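See below for the structure under consideration.
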Amino acid sequence: MRIRVATGALGKKASDLAVFFVTEGADLARSARESVGEVVAAAAKSAKSCGDFKGSFRQTISFYPEGPFGAKRVLAIGLGKKTELDLERLRRVAAIAIRQARVFRSKTVEVGVDPSLGARFELEQLGQALAEGMTLATYRFDDLQEKPSEAPPEIRQATLVIDTAARAKKLETGVSWGAACADGANYARHLGDLPPNIVNPVYLGQEAKKLARQGLKVTVLGEPEIRRLKMGGLLAVNKGSAVPPRFMVMEKRAGASYDTVCLVGKGLTFDSGGISIKPAAQMDEMKYDMCGGAAVFGVMKALTQLDVPVNVVGIVPSTENMNGSAAYRPGDIITSMAGRTIEVLNTDAEGRLILVDGLTYAARFKPSAVIDMATLTGACVVALGNEATGLFSNDDKLVRRIESAADKTGERVWHLPTYKEYDELIDSQVADVKNVGGRWAGAITAACFLGRWAKDYSWAHLDIAGTAWNARSRDYYESGASGVMVRTMVELLRSWQKRVR
Ligand code: BES
Ligand code: ZN
Ligand code: ZN
């Protein structure tokens with residue numbers, strides 16, 4: 001779906017659907033008249049007098065204009081109370097427009113943008129939010145299904161209509177940014193949703209090489225290089241798998257005078273738990289255990305379209321966690337790339353083992369910050385459910401930056417502590433550290449584990465175990481992978497302060 005911005009009156013040109021938004025309490029007939037003219041004003045007036053439409057958030061009503069009119073259908077969507085309107089609500093109503101367009105089997109959609117919304121938001125922000133909501137809502141995962149003949153057609157074109165050319169220009173800037181961010185998120189969702197017999201480490205290596213063709217510098221390390229670098233965490237987890245590991249490095253440079261930020265993502269393409277095997281129920285969901293890695297891919301994909309004032313390095317260590325006869329065992333003591341030894345007490349706490357080699361590798365870029373993203377712990381899901389990503393860090397300034405980016409994107413994060421008393425829970429009697437910290441505070445002890453490899457730079461860890469898939473419906477997602485943190489990381493990178501070094 002292409003999203004354009006146009007000036008002029010809504011619904012006058014031929015289209016399958018024209019959409020306008022109505023705030024709660026506004027006069028529907030008047031809103032209709034102002035948006036599309038007289039054509040549905042009478043019907044809107046009747047609807048209003050019946051009390052059927054109040055403009056509450058997400059409420060919809062459709063009209064069928066009589067006589068010659070450009071749009072075949074007109075849809076009004078409630079924005080809710082003016083005082084409660086925010087960018088997230090705009091994303092959601094934009095998504096509703098697209099979903100309803102699909103119900104109507106529309107191929108072309110026009111959406112009216114009331115210029116008075118520009119008083120509450122920058123027009124760039126407005127365009128970005130609408131484009132994100134619409135683009136995220138177009139995502140489907142049906143590649144592996146025969147397309148039924150009655151499936152709704154693809155929406156070819158969505159047009160945002162606003163009154164003046166000057167406003168259109170600002171809106172357009174936001175639209176192209178938002179569409180690129182959401183395309184990045186949709187790419188991450190697609191990698192997440194693909195099954196584990198297709199998306200394995202080798203596949204991810206090939207995907208990284210595809211991104212190289214779109215202008216990134218890409219290095220894919222195979223098993224021999226991974227051995228040479230002594231990535232003992234990644235190699236240990238890989239031992240039970242028939243598929244070799246990969247280690248992806250994707251770079252987008254801004255220039256020598258800019259900071260460098262590394263993003264490290266857990267690319268565990270299937271987590272059976274290994275010898276500490278998981279229960280059978282819902283084990284299929286462990287195909288999503290690469291969603292941290294997928295988020296890195298999504299950000300890098302967005303950066304093929306967008307420039308940010310910082311050098312970005314995306315790092316994805318990738319393997320399956322399987323049960324082959326060579327599999328690593330509880331009791332094993334392994335040596336990570338940094339030389340630190342780890343007592344393995346549970347082979348299902350594998351994400352942290354592959355991530356620490358990623359964190360060690362990141363240091364070679366002399367980063368100003370390293371942020372890792374991982375479906376790391378069930379404990380994080382217990383703590384925060386599907387509504388917020390766990391945030392852990394050794395730098396409060398970085399926490400605030402991430403919180404402020406997440407505030408803008410609507411992808412909630414919640415800061416949790418990494419007190420030294422938690423860190424002590426992973427001290428080992430026989431190695432430098434053990435890979436589990438006992439029953440309590442599992443999300444925190446996992447973060448403390450990573451933190452031991454992230455002493456030399458500003459670091460944050462995002463535990464997306466609860467938010468990477470099956471996130472609560474926000475109108476722009478259905479089931480499946482959410483692409484969470486792609487938009488937040490792009491926002492963070494965009495707002496990175498350029499520093500002369
Ligand atoms: N990939 C899982 C974490 C996970 C579980 C993500 C459920 C999403 C939903 C991770 O590798 C894991 O198995 N962690 C263990 C750690 C434990 C053994 C200390 C967990 O959370 O149970
Ligand atoms: Zn696991
Ligand atoms: Zn895992």
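Please note that chains go A, B, ... in the order of the structure tokens, that every chain numbers its residues from 1, and that ligands are numbered from 1 in the order shown.
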Within range 281-347 of chain A, find each residue whose DSSP state, derived from the backbone, is strand (DSSP E), and express the selection as a PDB file with C-alpha atoms, in the first residue's frame.
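Writing done, so here's selection-v7.pdb:
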ATOM      1  CA  ASN A 311      26.410   5.370  13.559  1.00  0.00           C
ATOM      2  CA  VAL A 312      24.350   2.257  14.145  1.00  0.00           C
ATOM      3  CA  VAL A 313      25.634  -1.293  14.423  1.00  0.00           C
ATOM      4  CA  GLY A 314      23.093  -4.123  14.567  1.00  0.00           C
ATOM      5  CA  ILE A 315      24.430  -7.359  16.023  1.00  0.00           C
ATOM      6  CA  VAL A 316      22.516 -10.647  16.016  1.00  0.00           C
ATOM      7  CA  PRO A 317      23.990 -13.855  17.455  1.00  0.00           C
ATOM      8  CA  SER A 318      21.820 -16.677  16.175  1.00  0.00           C
ATOM      9  CA  THR A 319      21.328 -20.369  16.860  1.00  0.00           C
ATOM     10  CA  GLU A 320      18.649 -22.873  17.773  1.00  0.00           C
ATOM     11  CA  ASN A 321      18.543 -24.377  21.261  1.00  0.00           C
ATOM     12  CA  ILE A 333      31.151 -24.807  32.628  1.00  0.00           C
ATOM     13  CA  ILE A 334      31.699 -22.794  29.494  1.00  0.00           C
ATOM     14  CA  THR A 335      33.969 -19.871  28.649  1.00  0.00           C
ATOM     15  CA  THR A 341      33.388 -18.628  32.795  1.00  0.00           C
ATOM     16  CA  ILE A 342      29.752 -19.615  33.203  1.00  0.00           C
ATOM     17  CA  GLU A 343      28.300 -22.505  35.162  1.00  0.00           C
TER      18      GLU A 343
END
Could I get the residues of chain A with an atom no further than 6 Å from an atom of ligand 2, each paired with its nearest atom pair and that distance in Å to one decimal, using only C-alpha atoms and all ligand atoms, sorted by chain and residue number, as JSON lines?
{"residue": "A:Asp271", "atom": "CA", "partner": "ligand 2", "partner_atom_place_in_ligand_line": "1 (Zn)", "distance": 5.5}
{"residue": "A:Gly273", "atom": "CA", "partner": "ligand 2", "partner_atom_place_in_ligand_line": "1 (Zn)", "distance": 4.7}
{"residue": "A:Asp348", "atom": "CA", "partner": "ligand 2", "partner_atom_place_in_ligand_line": "1 (Zn)", "distance": 3.5}
{"residue": "A:Ala349", "atom": "CA", "partner": "ligand 2", "partner_atom_place_in_ligand_line": "1 (Zn)", "distance": 4.7}
{"residue": "A:Glu350", "atom": "CA", "partner": "ligand 2", "partner_atom_place_in_ligand_line": "1 (Zn)", "distance": 5.2}
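The closest residue to Leu79 in chain A, picked from A:Arg102, A:Lys209, A:Arg494, A:Lys54 and counting only C-alpha atoms, is A:Lys54.
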For this session: All residues within 10 Å of ligand 3 are required, counting only C-alpha atoms and all ligand atoms; please report them as a PyMOL selection string.
Result: chain A and resi 266-274+286-290+320-321+347-354+374-378+465
Given the selection you just returned, output its residues as a file containing C-alpha atoms, formatted as a PDB file, in the first residue's frame.
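Output below, filename again_13.pdb:
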ATOM      1  CA  LYS A 266      18.688 -12.419  20.608  1.00  0.00           C
ATOM      2  CA  GLY A 267      18.363 -14.479  17.444  1.00  0.00           C
ATOM      3  CA  LEU A 268      17.311 -17.801  18.974  1.00  0.00           C
ATOM      4  CA  THR A 269      15.344 -19.250  16.071  1.00  0.00           C
ATOM      5  CA  PHE A 270      13.822 -22.022  18.163  1.00  0.00           C
ATOM      6  CA  ASP A 271      14.102 -22.612  21.895  1.00  0.00           C
ATOM      7  CA  SER A 272      13.216 -26.169  22.906  1.00  0.00           C
ATOM      8  CA  GLY A 273      14.917 -25.505  26.247  1.00  0.00           C
ATOM      9  CA  GLY A 274      17.653 -27.974  25.329  1.00  0.00           C
ATOM     10  CA  MET A 286       9.410 -20.521  20.902  1.00  0.00           C
ATOM     11  CA  LYS A 287       9.807 -19.747  17.198  1.00  0.00           C
ATOM     12  CA  TYR A 288       9.380 -16.170  18.441  1.00  0.00           C
ATOM     13  CA  ASP A 289      12.546 -16.429  20.496  1.00  0.00           C
ATOM     14  CA  MET A 290      14.375 -14.577  17.728  1.00  0.00           C
ATOM     15  CA  GLU A 320      18.649 -22.873  17.773  1.00  0.00           C
ATOM     16  CA  ASN A 321      18.543 -24.377  21.261  1.00  0.00           C
ATOM     17  CA  THR A 347      20.132 -25.077  29.398  1.00  0.00           C
ATOM     18  CA  ASP A 348      16.877 -23.182  28.927  1.00  0.00           C
ATOM     19  CA  ALA A 349      18.544 -19.994  30.164  1.00  0.00           C
ATOM     20  CA  GLU A 350      20.360 -19.881  26.825  1.00  0.00           C
ATOM     21  CA  GLY A 351      19.496 -16.416  25.536  1.00  0.00           C
ATOM     22  CA  ARG A 352      21.853 -14.747  27.982  1.00  0.00           C
ATOM     23  CA  LEU A 353      24.655 -17.076  26.872  1.00  0.00           C
ATOM     24  CA  ILE A 354      24.505 -16.035  23.249  1.00  0.00           C
ATOM     25  CA  ALA A 374      15.634 -10.219  23.860  1.00  0.00           C
ATOM     26  CA  THR A 375      12.690 -12.481  24.600  1.00  0.00           C
ATOM     27  CA  LEU A 376      14.741 -13.327  27.637  1.00  0.00           C
ATOM     28  CA  THR A 377      12.564 -14.488  30.521  1.00  0.00           C
ATOM     29  CA  GLY A 378       9.156 -15.911  31.315  1.00  0.00           C
ATOM     30  CA  ALA A 465       9.326 -11.677  26.210  1.00  0.00           C
TER      31      ALA A 465
END
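Pairwise distance (CA of Trp459 in chain A, CA of Leu398 in chain A) equals 7.6 Å.
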For this session: May I ask which of the residues A:Glu110, A:Glu251, A:Asp284, A:Glu225 is the closest one to Lys13 in chain A, counting only C-alpha atoms?
Result: A:Glu110
Problem set entry | Among the residues A:Gly324, A:Gly255, A:Gly112, A:Pro309, the one that comes closest to Leu492 in chain A [using only C-alpha atoms] | A:Pro309
Exercise. Between A:Gly292, A:Gly178, A:Gly437, A:Gly410, which is the closest to Ala129 in chain A once you count only C-alpha atoms?
Worked result: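 Nearest to Ala129 in chain A: A:Gly178.
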